[in-house]
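Remarks on the structure that follows.
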Amino acid sequence: MTSSNLQEHLSSKAISLLEEDADKIKKLILVQMENLATRYCPLYEEVLDTQVFGFSKEVDFAVRAGLLPAETGKQLVNNLERNLAVLYEALNNKGNVE
């Protein structure tokens, strides 16, 4: 395997693993969206915030290690943060209705 093939393989593997981790967090967000638990559930929010923070650190590492282009990493994190923002907006709207 040549050096460029190895780099390409490692980059593909890094993106695949990061997408798997992002999907796990998205599933947590979807479960919360389906249940729309009360707004006063800071523990669940803490877990999601911690998961997203950890994910952003994984992406940062992959970018710094040269396994992932910075723009791709930014897109992965932004997509997850948008999903989280949608959840928080839905929870806020639910809280305003109750």
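Letters A, B, ... go to the chains of the structure tokens in the order shown; residues in each chain start at 1; ligands are counted from 1 in the same order.
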
#### Entry: All residues 9 Å or closer to A:Ser56, only C-alpha atoms, same chain fewer than 2 positions away omitted, as a PyMOL selection string
chain A and resi 51-54+58-61+73-74+76-77

Dump N, CA and C atoms for the selected residues as a PDB file, in the first residue's frame?
ATOM      1  N   GLN A  51     -21.973  15.108  24.892  1.00  0.00           N
ATOM      2  CA  GLN A  51     -21.737  14.265  23.721  1.00  0.00           C
ATOM      3  C   GLN A  51     -21.281  15.105  22.524  1.00  0.00           C
ATOM      4  N   VAL A  52     -21.942  16.220  22.304  1.00  0.00           N
ATOM      5  CA  VAL A  52     -21.581  17.086  21.176  1.00  0.00           C
ATOM      6  C   VAL A  52     -20.190  17.679  21.396  1.00  0.00           C
ATOM      7  N   PHE A  53     -19.890  18.078  22.628  1.00  0.00           N
ATOM      8  CA  PHE A  53     -18.559  18.616  22.932  1.00  0.00           C
ATOM      9  C   PHE A  53     -17.494  17.554  22.664  1.00  0.00           C
ATOM     10  N   GLY A  54     -17.730  16.331  23.153  1.00  0.00           N
ATOM     11  CA  GLY A  54     -16.780  15.246  22.924  1.00  0.00           C
ATOM     12  C   GLY A  54     -16.598  14.962  21.441  1.00  0.00           C
ATOM     13  N   GLU A  58     -13.255  14.997  19.038  1.00  0.00           N
ATOM     14  CA  GLU A  58     -12.851  13.915  18.132  1.00  0.00           C
ATOM     15  C   GLU A  58     -12.537  14.490  16.748  1.00  0.00           C
ATOM     16  N   VAL A  59     -13.426  15.344  16.277  1.00  0.00           N
ATOM     17  CA  VAL A  59     -13.248  15.955  14.954  1.00  0.00           C
ATOM     18  C   VAL A  59     -11.985  16.807  14.941  1.00  0.00           C
ATOM     19  N   ASP A  60     -11.788  17.580  15.996  1.00  0.00           N
ATOM     20  CA  ASP A  60     -10.601  18.427  16.082  1.00  0.00           C
ATOM     21  C   ASP A  60      -9.331  17.583  16.005  1.00  0.00           C
ATOM     22  N   PHE A  61      -9.329  16.468  16.717  1.00  0.00           N
ATOM     23  CA  PHE A  61      -8.169  15.576  16.672  1.00  0.00           C
ATOM     24  C   PHE A  61      -7.939  15.051  15.255  1.00  0.00           C
ATOM     25  N   GLY A  73     -14.708  18.494   8.729  1.00  0.00           N
ATOM     26  CA  GLY A  73     -14.906  18.449  10.172  1.00  0.00           C
ATOM     27  C   GLY A  73     -15.886  19.502  10.644  1.00  0.00           C
ATOM     28  N   LYS A  74     -15.759  20.696  10.096  1.00  0.00           N
ATOM     29  CA  LYS A  74     -16.665  21.779  10.466  1.00  0.00           C
ATOM     30  C   LYS A  74     -18.101  21.437  10.087  1.00  0.00           C
ATOM     31  N   LEU A  76     -19.429  18.408   9.798  1.00  0.00           N
ATOM     32  CA  LEU A  76     -19.927  17.364  10.698  1.00  0.00           C
ATOM     33  C   LEU A  76     -20.407  17.955  12.017  1.00  0.00           C
ATOM     34  N   VAL A  77     -19.610  18.833  12.598  1.00  0.00           N
ATOM     35  CA  VAL A  77     -19.963  19.444  13.884  1.00  0.00           C
ATOM     36  C   VAL A  77     -21.162  20.377  13.718  1.00  0.00           C
TER      37      VAL A  77
END

### Message
Could you pull out the helix (DSSP H, G or I) residues of stretch 2-69 of chain A, going by DSSP on the backbone, and write them as a PyMOL selection string?
### Response
chain A and resi 3-35+42-64

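Computed from the coordinates, the atom CA of A:Asp21 to atom CA of A:Phe55 distance equals 7.3 Å.
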
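From atom CA of A:Leu48 back to atom CA of A:Leu18, the distance works out to 16.1 Å.
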
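Considering the residues A:Leu17, A:Ala70, A:Met33, A:Leu6 and counting only C-alpha atoms, A:Asn92 has its shortest atom-to-atom contact with A:Met33.
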
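Remark: for A:Glu45, the closest of the candidate residues A:Ala90, A:Leu84, A:Ala65, A:Met1 is A:Leu84 (distances computed over only C-alpha atoms).
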
Got a sec: who's within 12 Å of A:Leu30, counting only C-alpha atoms, leaving out chain neighbours fewer than 3 positions off, as a PDB file with all heavy atoms, in the first residue's frame?
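Listed below is the output, around_25.pdb:
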ATOM      1  N   ASP A  23     -24.110   9.786  14.290  1.00  0.00           N
ATOM      2  CA  ASP A  23     -25.411   9.107  14.203  1.00  0.00           C
ATOM      3  C   ASP A  23     -25.915   8.692  15.581  1.00  0.00           C
ATOM      4  O   ASP A  23     -27.110   8.780  15.859  1.00  0.00           O
ATOM      5  CB  ASP A  23     -25.336   7.894  13.277  1.00  0.00           C
ATOM      6  CG  ASP A  23     -25.277   8.272  11.810  1.00  0.00           C
ATOM      7  OD1 ASP A  23     -25.644   9.423  11.465  1.00  0.00           O
ATOM      8  OD2 ASP A  23     -24.861   7.423  11.000  1.00  0.00           O
ATOM      9  N   LYS A  24     -25.025   8.245  16.434  1.00  0.00           N
ATOM     10  CA  LYS A  24     -25.425   7.871  17.790  1.00  0.00           C
ATOM     11  C   LYS A  24     -25.988   9.079  18.540  1.00  0.00           C
ATOM     12  O   LYS A  24     -26.996   8.973  19.235  1.00  0.00           O
ATOM     13  CB  LYS A  24     -24.238   7.291  18.563  1.00  0.00           C
ATOM     14  CG  LYS A  24     -23.809   5.918  18.082  1.00  0.00           C
ATOM     15  CD  LYS A  24     -22.569   5.452  18.816  1.00  0.00           C
ATOM     16  CE  LYS A  24     -22.015   4.187  18.189  1.00  0.00           C
ATOM     17  NZ  LYS A  24     -20.733   3.800  18.799  1.00  0.00           N
ATOM     18  N   ILE A  25     -25.336  10.206  18.387  1.00  0.00           N
ATOM     19  CA  ILE A  25     -25.812  11.426  19.055  1.00  0.00           C
ATOM     20  C   ILE A  25     -27.126  11.880  18.435  1.00  0.00           C
ATOM     21  O   ILE A  25     -28.047  12.301  19.143  1.00  0.00           O
ATOM     22  CB  ILE A  25     -24.736  12.533  18.996  1.00  0.00           C
ATOM     23  CG1 ILE A  25     -23.473  12.077  19.755  1.00  0.00           C
ATOM     24  CG2 ILE A  25     -25.267  13.832  19.594  1.00  0.00           C
ATOM     25  CD1 ILE A  25     -22.266  12.962  19.545  1.00  0.00           C
ATOM     26  N   LYS A  26     -27.242  11.777  17.116  1.00  0.00           N
ATOM     27  CA  LYS A  26     -28.495  12.146  16.448  1.00  0.00           C
ATOM     28  C   LYS A  26     -29.641  11.279  16.958  1.00  0.00           C
ATOM     29  O   LYS A  26     -30.762  11.760  17.128  1.00  0.00           O
ATOM     30  CB  LYS A  26     -28.367  12.005  14.933  1.00  0.00           C
ATOM     31  CG  LYS A  26     -27.541  13.085  14.296  1.00  0.00           C
ATOM     32  CD  LYS A  26     -27.380  12.819  12.811  1.00  0.00           C
ATOM     33  CE  LYS A  26     -26.347  13.746  12.204  1.00  0.00           C
ATOM     34  NZ  LYS A  26     -26.089  13.420  10.789  1.00  0.00           N
ATOM     35  N   LYS A  27     -29.375  10.000  17.210  1.00  0.00           N
ATOM     36  CA  LYS A  27     -30.411   9.122  17.748  1.00  0.00           C
ATOM     37  C   LYS A  27     -30.847   9.574  19.129  1.00  0.00           C
ATOM     38  O   LYS A  27     -32.043   9.538  19.448  1.00  0.00           O
ATOM     39  CB  LYS A  27     -29.924   7.673  17.772  1.00  0.00           C
ATOM     40  CG  LYS A  27     -29.875   7.050  16.401  1.00  0.00           C
ATOM     41  CD  LYS A  27     -29.330   5.636  16.431  1.00  0.00           C
ATOM     42  CE  LYS A  27     -29.185   5.119  15.000  1.00  0.00           C
ATOM     43  NZ  LYS A  27     -28.496   3.843  14.952  1.00  0.00           N
ATOM     44  N   MET A  33     -36.597  14.282  20.940  1.00  0.00           N
ATOM     45  CA  MET A  33     -37.607  14.988  20.144  1.00  0.00           C
ATOM     46  C   MET A  33     -38.932  14.232  20.176  1.00  0.00           C
ATOM     47  O   MET A  33     -39.996  14.840  20.275  1.00  0.00           O
ATOM     48  CB  MET A  33     -37.152  15.144  18.689  1.00  0.00           C
ATOM     49  CG  MET A  33     -36.060  16.156  18.471  1.00  0.00           C
ATOM     50  SD  MET A  33     -36.591  17.846  18.733  1.00  0.00           S
ATOM     51  CE  MET A  33     -37.693  18.072  17.362  1.00  0.00           C
ATOM     52  N   GLU A  34     -38.865  12.904  20.079  1.00  0.00           N
ATOM     53  CA  GLU A  34     -40.087  12.096  20.086  1.00  0.00           C
ATOM     54  C   GLU A  34     -40.801  12.183  21.425  1.00  0.00           C
ATOM     55  O   GLU A  34     -42.025  12.201  21.487  1.00  0.00           O
ATOM     56  CB  GLU A  34     -39.752  10.637  19.759  1.00  0.00           C
ATOM     57  CG  GLU A  34     -39.355  10.424  18.321  1.00  0.00           C
ATOM     58  CD  GLU A  34     -38.793   9.036  18.050  1.00  0.00           C
ATOM     59  OE1 GLU A  34     -38.714   8.203  18.980  1.00  0.00           O
ATOM     60  OE2 GLU A  34     -38.426   8.793  16.884  1.00  0.00           O
ATOM     61  N   ASN A  35     -40.041  12.243  22.480  1.00  0.00           N
ATOM     62  CA  ASN A  35     -40.637  12.286  23.814  1.00  0.00           C
ATOM     63  C   ASN A  35     -40.907  13.703  24.294  1.00  0.00           C
ATOM     64  O   ASN A  35     -41.759  13.911  25.146  1.00  0.00           O
ATOM     65  CB  ASN A  35     -39.737  11.566  24.827  1.00  0.00           C
ATOM     66  CG  ASN A  35     -39.629  10.097  24.527  1.00  0.00           C
ATOM     67  OD1 ASN A  35     -40.586   9.463  24.120  1.00  0.00           O
ATOM     68  ND2 ASN A  35     -38.442   9.548  24.716  1.00  0.00           N
ATOM     69  N   LEU A  36     -40.157  14.636  23.762  1.00  0.00           N
ATOM     70  CA  LEU A  36     -40.228  16.033  24.199  1.00  0.00           C
ATOM     71  C   LEU A  36     -40.469  16.119  25.705  1.00  0.00           C
ATOM     72  O   LEU A  36     -41.455  16.658  26.175  1.00  0.00           O
ATOM     73  CB  LEU A  36     -41.301  16.811  23.437  1.00  0.00           C
ATOM     74  CG  LEU A  36     -40.877  17.378  22.106  1.00  0.00           C
ATOM     75  CD1 LEU A  36     -41.998  18.204  21.497  1.00  0.00           C
ATOM     76  CD2 LEU A  36     -39.617  18.202  22.167  1.00  0.00           C
ATOM     77  N   ALA A  37     -39.528  15.525  26.405  1.00  0.00           N
ATOM     78  CA  ALA A  37     -39.597  15.556  27.867  1.00  0.00           C
ATOM     79  C   ALA A  37     -39.658  17.006  28.327  1.00  0.00           C
ATOM     80  O   ALA A  37     -39.354  17.922  27.580  1.00  0.00           O
ATOM     81  CB  ALA A  37     -38.379  14.854  28.455  1.00  0.00           C
ATOM     82  N   LEU A  48     -26.465  15.494  26.279  1.00  0.00           N
ATOM     83  CA  LEU A  48     -26.352  15.857  24.858  1.00  0.00           C
ATOM     84  C   LEU A  48     -25.236  16.871  24.632  1.00  0.00           C
ATOM     85  O   LEU A  48     -24.440  16.729  23.697  1.00  0.00           O
ATOM     86  CB  LEU A  48     -27.678  16.402  24.341  1.00  0.00           C
ATOM     87  CG  LEU A  48     -28.749  15.354  24.073  1.00  0.00           C
ATOM     88  CD1 LEU A  48     -30.063  16.025  23.723  1.00  0.00           C
ATOM     89  CD2 LEU A  48     -28.324  14.409  22.974  1.00  0.00           C
ATOM     90  N   LEU A  80     -24.484  18.484  13.496  1.00  0.00           N
ATOM     91  CA  LEU A  80     -24.915  17.982  14.800  1.00  0.00           C
ATOM     92  C   LEU A  80     -25.432  19.123  15.682  1.00  0.00           C
ATOM     93  O   LEU A  80     -26.461  18.985  16.359  1.00  0.00           O
ATOM     94  CB  LEU A  80     -23.740  17.273  15.475  1.00  0.00           C
ATOM     95  CG  LEU A  80     -24.052  16.251  16.524  1.00  0.00           C
ATOM     96  CD1 LEU A  80     -25.065  15.225  16.039  1.00  0.00           C
ATOM     97  CD2 LEU A  80     -22.783  15.557  16.962  1.00  0.00           C
ATOM     98  N   ASN A  83     -28.938  20.065  14.669  1.00  0.00           N
ATOM     99  CA  ASN A  83     -29.921  19.126  15.205  1.00  0.00           C
ATOM    100  C   ASN A  83     -30.214  19.407  16.676  1.00  0.00           C
ATOM    101  O   ASN A  83     -31.360  19.354  17.112  1.00  0.00           O
ATOM    102  CB  ASN A  83     -29.428  17.680  15.049  1.00  0.00           C
ATOM    103  CG  ASN A  83     -29.476  17.201  13.625  1.00  0.00           C
ATOM    104  OD1 ASN A  83     -30.296  17.641  12.835  1.00  0.00           O
ATOM    105  ND2 ASN A  83     -28.592  16.288  13.279  1.00  0.00           N
ATOM    106  N   LEU A  84     -29.188  19.709  17.419  1.00  0.00           N
ATOM    107  CA  LEU A  84     -29.358  20.012  18.836  1.00  0.00           C
ATOM    108  C   LEU A  84     -30.143  21.312  19.018  1.00  0.00           C
ATOM    109  O   LEU A  84     -31.021  21.400  19.886  1.00  0.00           O
ATOM    110  CB  LEU A  84     -27.985  20.108  19.506  1.00  0.00           C
ATOM    111  CG  LEU A  84     -27.944  20.069  21.023  1.00  0.00           C
ATOM    112  CD1 LEU A  84     -28.614  18.811  21.559  1.00  0.00           C
ATOM    113  CD2 LEU A  84     -26.508  20.150  21.507  1.00  0.00           C
ATOM    114  N   VAL A  86     -32.409  22.489  17.009  1.00  0.00           N
ATOM    115  CA  VAL A  86     -33.811  22.192  16.692  1.00  0.00           C
ATOM    116  C   VAL A  86     -34.492  21.583  17.912  1.00  0.00           C
ATOM    117  O   VAL A  86     -35.626  21.936  18.257  1.00  0.00           O
ATOM    118  CB  VAL A  86     -33.914  21.249  15.463  1.00  0.00           C
ATOM    119  CG1 VAL A  86     -35.312  20.691  15.306  1.00  0.00           C
ATOM    120  CG2 VAL A  86     -33.495  21.993  14.210  1.00  0.00           C
ATOM    121  N   LEU A  87     -33.806  20.678  18.582  1.00  0.00           N
ATOM    122  CA  LEU A  87     -34.360  20.065  19.793  1.00  0.00           C
ATOM    123  C   LEU A  87     -34.622  21.128  20.847  1.00  0.00           C
ATOM    124  O   LEU A  87     -35.710  21.186  21.426  1.00  0.00           O
ATOM    125  CB  LEU A  87     -33.400  19.006  20.352  1.00  0.00           C
ATOM    126  CG  LEU A  87     -33.747  18.489  21.748  1.00  0.00           C
ATOM    127  CD1 LEU A  87     -35.093  17.777  21.746  1.00  0.00           C
ATOM    128  CD2 LEU A  87     -32.647  17.589  22.276  1.00  0.00           C
ATOM    129  N   TYR A  88     -33.649  21.975  21.113  1.00  0.00           N
ATOM    130  CA  TYR A  88     -33.821  22.993  22.151  1.00  0.00           C
ATOM    131  C   TYR A  88     -34.946  23.966  21.801  1.00  0.00           C
ATOM    132  O   TYR A  88     -35.697  24.389  22.667  1.00  0.00           O
ATOM    133  CB  TYR A  88     -32.508  23.735  22.399  1.00  0.00           C
ATOM    134  CG  TYR A  88     -31.474  22.897  23.115  1.00  0.00           C
ATOM    135  CD1 TYR A  88     -30.127  23.184  23.023  1.00  0.00           C
ATOM    136  CD2 TYR A  88     -31.839  21.797  23.886  1.00  0.00           C
ATOM    137  CE1 TYR A  88     -29.180  22.416  23.674  1.00  0.00           C
ATOM    138  CE2 TYR A  88     -30.899  21.028  24.540  1.00  0.00           C
ATOM    139  CZ  TYR A  88     -29.572  21.343  24.442  1.00  0.00           C
ATOM    140  OH  TYR A  88     -28.633  20.591  25.095  1.00  0.00           O
ATOM    141  N   ALA A  90     -37.614  23.199  19.999  1.00  0.00           N
ATOM    142  CA  ALA A  90     -38.852  22.463  20.217  1.00  0.00           C
ATOM    143  C   ALA A  90     -39.181  22.388  21.703  1.00  0.00           C
ATOM    144  O   ALA A  90     -40.339  22.537  22.092  1.00  0.00           O
ATOM    145  CB  ALA A  90     -38.741  21.064  19.624  1.00  0.00           C
TER     146      ALA A  90
END

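Across the model, the gap from atom CA of A:Lys13 to atom CA of A:Asp49 is 25.1 Å.
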
#### Entry: Exercise: A:Ala14 partners within 9 Å, only C-alpha atoms, chain neighbours under 5 positions left out, as a VMD selection string
chain A and resid 9 19 59 62 67 to 68

With all heavy atoms kept, could you save the residues just selected as a JSON list (two decimals), in the first residue's frame?
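The file below, result.json, is the result:
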[["chain", "number", "residue", "atom", "x", "y", "z"],
["A", 9, "HIS", "N", -7.04, 5.75, 2.89],
["A", 9, "HIS", "CA", -7.73, 4.74, 3.69],
["A", 9, "HIS", "C", -7.99, 5.26, 5.11],
["A", 9, "HIS", "O", -9.10, 5.10, 5.64],
["A", 9, "HIS", "CB", -6.90, 3.45, 3.74],
["A", 9, "HIS", "CG", -7.44, 2.43, 4.67],
["A", 9, "HIS", "ND1", -8.60, 1.71, 4.39],
["A", 9, "HIS", "CD2", -7.02, 2.01, 5.89],
["A", 9, "HIS", "CE1", -8.85, 0.90, 5.41],
["A", 9, "HIS", "NE2", -7.90, 1.06, 6.32],
["A", 19, "GLU", "N", -18.82, 9.69, 11.48],
["A", 19, "GLU", "CA", -20.24, 9.66, 11.08],
["A", 19, "GLU", "C", -21.03, 8.69, 11.96],
["A", 19, "GLU", "O", -22.17, 8.98, 12.32],
["A", 19, "GLU", "CB", -20.36, 9.29, 9.60],
["A", 19, "GLU", "CG", -19.96, 10.42, 8.68],
["A", 19, "GLU", "CD", -19.93, 10.05, 7.21],
["A", 19, "GLU", "OE1", -19.94, 8.83, 6.89],
["A", 19, "GLU", "OE2", -19.89, 10.97, 6.38],
["A", 59, "VAL", "N", -13.43, 15.34, 16.28],
["A", 59, "VAL", "CA", -13.25, 15.96, 14.95],
["A", 59, "VAL", "C", -11.98, 16.81, 14.94],
["A", 59, "VAL", "O", -11.19, 16.74, 14.00],
["A", 59, "VAL", "CB", -14.49, 16.79, 14.56],
["A", 59, "VAL", "CG1", -14.22, 17.63, 13.34],
["A", 59, "VAL", "CG2", -15.69, 15.87, 14.34],
["A", 62, "ALA", "N", -9.02, 14.60, 14.61],
["A", 62, "ALA", "CA", -8.89, 14.05, 13.26],
["A", 62, "ALA", "C", -8.36, 15.10, 12.29],
["A", 62, "ALA", "O", -7.53, 14.81, 11.42],
["A", 62, "ALA", "CB", -10.23, 13.50, 12.78],
["A", 67, "LEU", "N", -6.24, 13.60, 9.20],
["A", 67, "LEU", "CA", -7.11, 12.53, 8.74],
["A", 67, "LEU", "C", -8.39, 13.05, 8.10],
["A", 67, "LEU", "O", -9.12, 12.29, 7.47],
["A", 67, "LEU", "CB", -7.48, 11.61, 9.91],
["A", 67, "LEU", "CG", -6.31, 10.90, 10.58],
["A", 67, "LEU", "CD1", -6.79, 10.18, 11.83],
["A", 67, "LEU", "CD2", -5.65, 9.94, 9.61],
["A", 68, "LEU", "N", -8.64, 14.32, 8.30],
["A", 68, "LEU", "CA", -9.90, 14.90, 7.88],
["A", 68, "LEU", "C", -9.67, 16.35, 7.47],
["A", 68, "LEU", "O", -9.02, 17.10, 8.21],
["A", 68, "LEU", "CB", -10.86, 14.84, 9.08],
["A", 68, "LEU", "CG", -12.30, 15.21, 8.94],
["A", 68, "LEU", "CD1", -13.03, 14.16, 8.11],
["A", 68, "LEU", "CD2", -12.94, 15.26, 10.32]]

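Take the candidates A:Ile15, A:Val63, A:Leu10, A:Ala22 and check each one against A:Glu81 using only C-alpha atoms; the shortest distance goes to A:Ala22.
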